[in-house]
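Written below as structure tokens is the structure these notes are about.
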Amino acid sequence: MISIQNLTVKYAQKTVLKDFSLDMNRGEIYALIGPSGSGKSTLLKALCGILKGESGRIIYNSGEDLSIGYVPQLYGLLDWKNVKDNIYLPLKLKDREKNEKEISDILHSLEIEDILNRYPKELSGGQRQRVALARAFILQPDLLLMDEPFSALDAFTSQVSQKLFLKLWSRYKVTTLFITHNIQEAVNLGQHILIMSKLSGKIVENITNDKELAKETRFQFINQVTESFEKLI
């Protein structure tokens, strides 16, 4: 289990998160939705170390250091490095050895083996998104954080990218927390759907998503999540 305990984060002298707590089971996907300004992106930035929390801690039950992969909005690729160098960058920064077999499997799962020599400006939105996913998975992190990873894509490309992500995730079973404003996306990917309040920056609902639901029941479930979310807007 990964446990976030009493995390408080200030941004520009304003308290965005206060005593935020969340327990995540290892190897499961958590979709986080909530109104704008509720602190969702701040949470992810604090968890990966971009922002410093005022107080609180993250506990990992193995007692080892927590390895975190992060896919920011618009993917955060370096324009002056080609795809291969962008993907390999975390290994260089962490001074980790390359496992060429694992890397090859990741590239194959995301269908990007043929674009390694291109630069980000030469890629489509879907390709940039998949390169960012490859870069995050290359360290085989304990926790994967994604900030609206599919929001910049058209509907068709988003669906394709979600399927490719699930294909890769099913291999590594990385505990994943991702932000989305798209309820359908949250239901498609999340095993748990977390609804965040606007004012307190806290989880007000934690809905277990049964992915084996029949089609008709699934529509009812989507409506349930939508109604819960709309109460906060």
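Please note that chains go A, B, ... in the order of the structure tokens, that every chain numbers its residues from 1, and that ligands are numbered from 1 in the order shown.
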I need the alpha helix (DSSP H) residues of region 24-112 of chain A per DSSP on the backbone, written as a ChimeraX atom specification.
/A:40-47,83-94,100-109
8 Å contact set for Asn206 (chain A), only C-alpha atoms, chain neighbours under 3 positions out, as a list in words:
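Listing them by chain and then by number gives His192, Ile193, Leu194, Ile195 and Ile203 of chain A.
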Separation of CA of Pro72 (chain A) and CA of Arg118 (chain A), in Å?
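So the two atoms, CA of Pro72 (chain A) and CA of Arg118 (chain A), lie 20.6 Å apart.
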Measure the distance from CA of Lys40 (chain A) to CA of Pro90 (chain A) in Å and round it to one decimal.
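Here the two named atoms are 24.2 Å from each other.
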Long-range neighbours of Glu113 (chain A) as a ChimeraX atom specification, 12 Å cut-off, only C-alpha atoms, 3 positions minimum in chain
/A:83-84,87,103-110,116-118,127,130-131,134
Create the file for the chosen residues now, containing N, CA and C atoms and written as an mmCIF file, in the first residue's frame.
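Output contents, as saved in again-v5.cif:
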data_model
loop_
_atom_site.group_PDB
_atom_site.id
_atom_site.type_symbol
_atom_site.label_atom_id
_atom_site.label_comp_id
_atom_site.auth_asym_id
_atom_site.auth_seq_id
_atom_site.Cartn_x
_atom_site.Cartn_y
_atom_site.Cartn_z
ATOM 1 N N VAL A 83 13.415 11.531 -29.709
ATOM 2 C CA VAL A 83 12.544 10.662 -28.926
ATOM 3 C C VAL A 83 13.350 9.699 -28.058
ATOM 4 N N LYS A 84 14.355 9.076 -28.629
ATOM 5 C CA LYS A 84 15.155 8.109 -27.877
ATOM 6 C C LYS A 84 15.808 8.766 -26.674
ATOM 7 N N ILE A 87 13.309 9.508 -23.939
ATOM 8 C CA ILE A 87 12.890 8.312 -23.216
ATOM 9 C C ILE A 87 13.975 7.837 -22.255
ATOM 10 N N ILE A 103 13.147 -2.126 -22.254
ATOM 11 C CA ILE A 103 12.907 -0.915 -23.034
ATOM 12 C C ILE A 103 12.259 -1.268 -24.365
ATOM 13 N N SER A 104 12.756 -2.320 -24.998
ATOM 14 C CA SER A 104 12.186 -2.763 -26.267
ATOM 15 C C SER A 104 10.724 -3.155 -26.108
ATOM 16 N N ASP A 105 10.396 -3.821 -25.006
ATOM 17 C CA ASP A 105 9.014 -4.220 -24.755
ATOM 18 C C ASP A 105 8.113 -3.005 -24.561
ATOM 19 N N ILE A 106 8.613 -1.992 -23.858
ATOM 20 C CA ILE A 106 7.837 -0.766 -23.642
ATOM 21 C C ILE A 106 7.581 -0.052 -24.966
ATOM 22 N N LEU A 107 8.633 0.083 -25.770
ATOM 23 C CA LEU A 107 8.494 0.758 -27.061
ATOM 24 C C LEU A 107 7.516 0.015 -27.958
ATOM 25 N N HIS A 108 7.588 -1.306 -27.920
ATOM 26 C CA HIS A 108 6.691 -2.119 -28.744
ATOM 27 C C HIS A 108 5.244 -1.991 -28.268
ATOM 28 N N SER A 109 5.040 -2.026 -26.955
ATOM 29 C CA SER A 109 3.690 -1.922 -26.410
ATOM 30 C C SER A 109 3.031 -0.599 -26.787
ATOM 31 N N LEU A 110 3.838 0.469 -26.856
ATOM 32 C CA LEU A 110 3.316 1.794 -27.173
ATOM 33 C C LEU A 110 3.398 2.132 -28.663
ATOM 34 N N LEU A 116 12.030 6.828 -33.075
ATOM 35 C CA LEU A 116 13.045 7.134 -32.063
ATOM 36 C C LEU A 116 13.978 8.265 -32.467
ATOM 37 N N ASN A 117 14.167 8.481 -33.757
ATOM 38 C CA ASN A 117 15.092 9.526 -34.208
ATOM 39 C C ASN A 117 14.409 10.853 -34.502
ATOM 40 N N ARG A 118 13.111 10.913 -34.318
ATOM 41 C CA ARG A 118 12.396 12.172 -34.535
ATOM 42 C C ARG A 118 12.489 13.060 -33.300
ATOM 43 N N GLN A 127 1.519 10.692 -30.456
ATOM 44 C CA GLN A 127 2.894 10.189 -30.377
ATOM 45 C C GLN A 127 3.640 10.827 -29.210
ATOM 46 N N ARG A 130 2.564 9.158 -26.039
ATOM 47 C CA ARG A 130 3.108 7.813 -25.851
ATOM 48 C C ARG A 130 4.599 7.856 -25.512
ATOM 49 N N VAL A 131 5.314 8.823 -26.057
ATOM 50 C CA VAL A 131 6.728 8.991 -25.690
ATOM 51 C C VAL A 131 6.838 9.349 -24.210
ATOM 52 N N ALA A 134 6.319 6.252 -22.219
ATOM 53 C CA ALA A 134 7.511 5.399 -22.252
ATOM 54 C C ALA A 134 8.567 5.919 -21.291
#
Which polymer residues have any atom within 6 Å of an atom of region 173-182 of chain A, counting only C-alpha atoms, with same-chain residues fewer than 4 positions away left out, as a ChimeraX atom specification?
/A:26-33,143-148,169
What's the 8 Å shell around Gly69 (chain A), counting only C-alpha atoms, without same-chain residues fewer than 4 positions away, as a ChimeraX atom specification?
/A:48,136-137,139-145
Store the residues of this selection in a file with N, CA and C atoms, as a JSON list (two decimals), in the first residue's frame.
[["chain", "number", "residue", "atom", "x", "y", "z"],
["A", 48, "CYS", "N", 5.51, 14.27, -6.57],
["A", 48, "CYS", "CA", 6.73, 13.99, -7.33],
["A", 48, "CYS", "C", 7.87, 14.95, -7.00],
["A", 136, "ALA", "N", 8.09, 7.60, -18.59],
["A", 136, "ALA", "CA", 7.66, 7.36, -17.22],
["A", 136, "ALA", "C", 7.81, 5.89, -16.82],
["A", 137, "PHE", "N", 7.52, 4.98, -17.75],
["A", 137, "PHE", "CA", 7.56, 3.54, -17.45],
["A", 137, "PHE", "C", 8.98, 2.98, -17.45],
["A", 139, "LEU", "N", 11.62, 3.54, -15.86],
["A", 139, "LEU", "CA", 12.20, 3.29, -14.54],
["A", 139, "LEU", "C", 11.40, 2.25, -13.75],
["A", 140, "GLN", "N", 10.30, 1.77, -14.37],
["A", 140, "GLN", "CA", 9.41, 0.83, -13.67],
["A", 140, "GLN", "C", 9.08, 1.36, -12.27],
["A", 141, "PRO", "N", 8.42, 2.52, -12.22],
["A", 141, "PRO", "CA", 8.20, 3.18, -10.94],
["A", 141, "PRO", "C", 7.22, 2.42, -10.04],
["A", 142, "ASP", "N", 7.28, 2.73, -8.76],
["A", 142, "ASP", "CA", 6.31, 2.19, -7.81],
["A", 142, "ASP", "C", 4.98, 2.93, -7.93],
["A", 143, "LEU", "N", 5.06, 4.21, -8.31],
["A", 143, "LEU", "CA", 3.87, 5.06, -8.41],
["A", 143, "LEU", "C", 3.97, 5.88, -9.69],
["A", 144, "LEU", "N", 2.92, 5.84, -10.50],
["A", 144, "LEU", "CA", 2.85, 6.62, -11.73],
["A", 144, "LEU", "C", 1.81, 7.71, -11.55],
["A", 145, "LEU", "N", 2.23, 8.97, -11.79],
["A", 145, "LEU", "CA", 1.35, 10.13, -11.70],
["A", 145, "LEU", "C", 1.15, 10.71, -13.09]]
Can you list, as a PyMOL selection string, every protein, DNA or RNA residue that comes within 7 Å of Met1 (chain A) when you count only C-alpha atoms, leaving out same-chain residues fewer than 6 positions away?
chain A and resi 23-26+60-61
What lies within 8 Å of Tyr88 (chain A) using only C-alpha atoms, ignoring chain neighbours under 4 positions off, as a list in words?
Lys84, Lys92, Arg135 and Ile138 of chain A
Dump C-alpha atoms for the selected residues as an mmCIF file, in the first residue's frame?
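Here's the written file selection-v2.cif:
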data_model
loop_
_atom_site.group_PDB
_atom_site.id
_atom_site.type_symbol
_atom_site.label_atom_id
_atom_site.label_comp_id
_atom_site.auth_asym_id
_atom_site.auth_seq_id
_atom_site.Cartn_x
_atom_site.Cartn_y
_atom_site.Cartn_z
ATOM 1 C CA LYS A 84 15.155 8.109 -27.877
ATOM 2 C CA LYS A 92 20.777 9.005 -17.159
ATOM 3 C CA ARG A 135 9.743 7.827 -20.364
ATOM 4 C CA ILE A 138 11.266 3.122 -18.242
#
Counting only C-alpha atoms, the option among A:Leu168, A:Ala152, A:Val9, A:Leu17 closest to Gly125 (chain A)
A:Ala152
Per DSSP on the backbone, what are the strand (DSSP E) residues of region 38-194 of chain A, as a VMD selection string?
chain A and resid 55 to 60 68 to 71 143 to 147 175 to 179 192 to 194
Residues from the last selection, N, CA and C atoms, saved as a short mmCIF file (atom, residue, chain, number, x, y, z; two decimals), in the first residue's frame:
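Result file is part_10.cif:
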data_model
loop_
_atom_site.label_atom_id
_atom_site.label_comp_id
_atom_site.auth_asym_id
_atom_site.auth_seq_id
_atom_site.Cartn_x
_atom_site.Cartn_y
_atom_site.Cartn_z
N SER A 55 3.71 20.03 5.28
CA SER A 55 3.71 18.95 6.26
C SER A 55 3.10 17.71 5.62
N GLY A 56 3.19 16.59 6.32
CA GLY A 56 2.66 15.33 5.82
C GLY A 56 3.76 14.42 5.31
N ARG A 57 3.39 13.20 4.92
CA ARG A 57 4.38 12.25 4.44
C ARG A 57 3.73 11.19 3.55
N ILE A 58 4.59 10.50 2.80
CA ILE A 58 4.15 9.38 1.99
C ILE A 58 4.80 8.13 2.55
N ILE A 59 4.01 7.12 2.82
CA ILE A 59 4.52 5.87 3.39
C ILE A 59 4.34 4.75 2.38
N TYR A 60 5.43 4.02 2.16
CA TYR A 60 5.43 2.90 1.23
C TYR A 60 5.69 1.65 2.06
N ILE A 68 8.99 7.25 -8.43
CA ILE A 68 7.80 7.88 -9.00
C ILE A 68 8.04 8.26 -10.46
N GLY A 69 7.08 7.90 -11.31
CA GLY A 69 7.06 8.35 -12.69
C GLY A 69 6.00 9.42 -12.84
N TYR A 70 6.27 10.44 -13.67
CA TYR A 70 5.37 11.59 -13.77
C TYR A 70 5.17 11.97 -15.22
N VAL A 71 3.91 12.06 -15.64
CA VAL A 71 3.56 12.54 -16.98
C VAL A 71 2.77 13.84 -16.79
N LEU A 143 5.06 4.21 -8.31
CA LEU A 143 3.87 5.06 -8.41
C LEU A 143 3.97 5.88 -9.69
N LEU A 144 2.92 5.84 -10.50
CA LEU A 144 2.85 6.62 -11.73
C LEU A 144 1.81 7.71 -11.55
N LEU A 145 2.23 8.97 -11.79
CA LEU A 145 1.35 10.13 -11.70
C LEU A 145 1.15 10.71 -13.09
N MET A 146 -0.11 10.96 -13.47
CA MET A 146 -0.39 11.51 -14.79
C MET A 146 -1.41 12.65 -14.66
N ASP A 147 -1.05 13.80 -15.21
CA ASP A 147 -1.89 14.99 -15.12
C ASP A 147 -2.62 15.21 -16.44
N THR A 175 1.09 1.08 -9.67
CA THR A 175 0.09 1.88 -8.97
C THR A 175 0.01 3.24 -9.64
N THR A 176 -1.18 3.64 -10.07
CA THR A 176 -1.33 4.83 -10.90
C THR A 176 -2.38 5.77 -10.33
N LEU A 177 -2.03 7.05 -10.29
CA LEU A 177 -2.96 8.11 -9.91
C LEU A 177 -2.97 9.12 -11.05
N PHE A 178 -4.13 9.30 -11.68
CA PHE A 178 -4.17 10.26 -12.78
C PHE A 178 -5.36 11.20 -12.65
N ILE A 179 -5.15 12.41 -13.14
CA ILE A 179 -6.17 13.45 -13.11
C ILE A 179 -6.90 13.47 -14.44
N HIS A 192 -10.60 2.79 -9.24
CA HIS A 192 -11.18 3.61 -8.18
C HIS A 192 -11.34 5.01 -8.75
N ILE A 193 -12.50 5.62 -8.51
CA ILE A 193 -12.75 6.98 -8.97
C ILE A 193 -12.86 7.87 -7.74
N LEU A 194 -11.94 8.81 -7.63
CA LEU A 194 -11.87 9.71 -6.48
C LEU A 194 -12.44 11.06 -6.88
#
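Of the residues under consideration (A:Leu153, A:Leu91, A:Leu22, A:Leu51), A:Leu153 shows the shortest atom-to-atom contact distance to Gln73 (chain A) when counting only C-alpha atoms.
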Check the smallest atom-to-atom distance from each of A:Phe150, A:Glu205, A:Lys14, A:Ile112 to Gln184 (chain A) using only C-alpha atoms, then report the winner.
A:Phe150
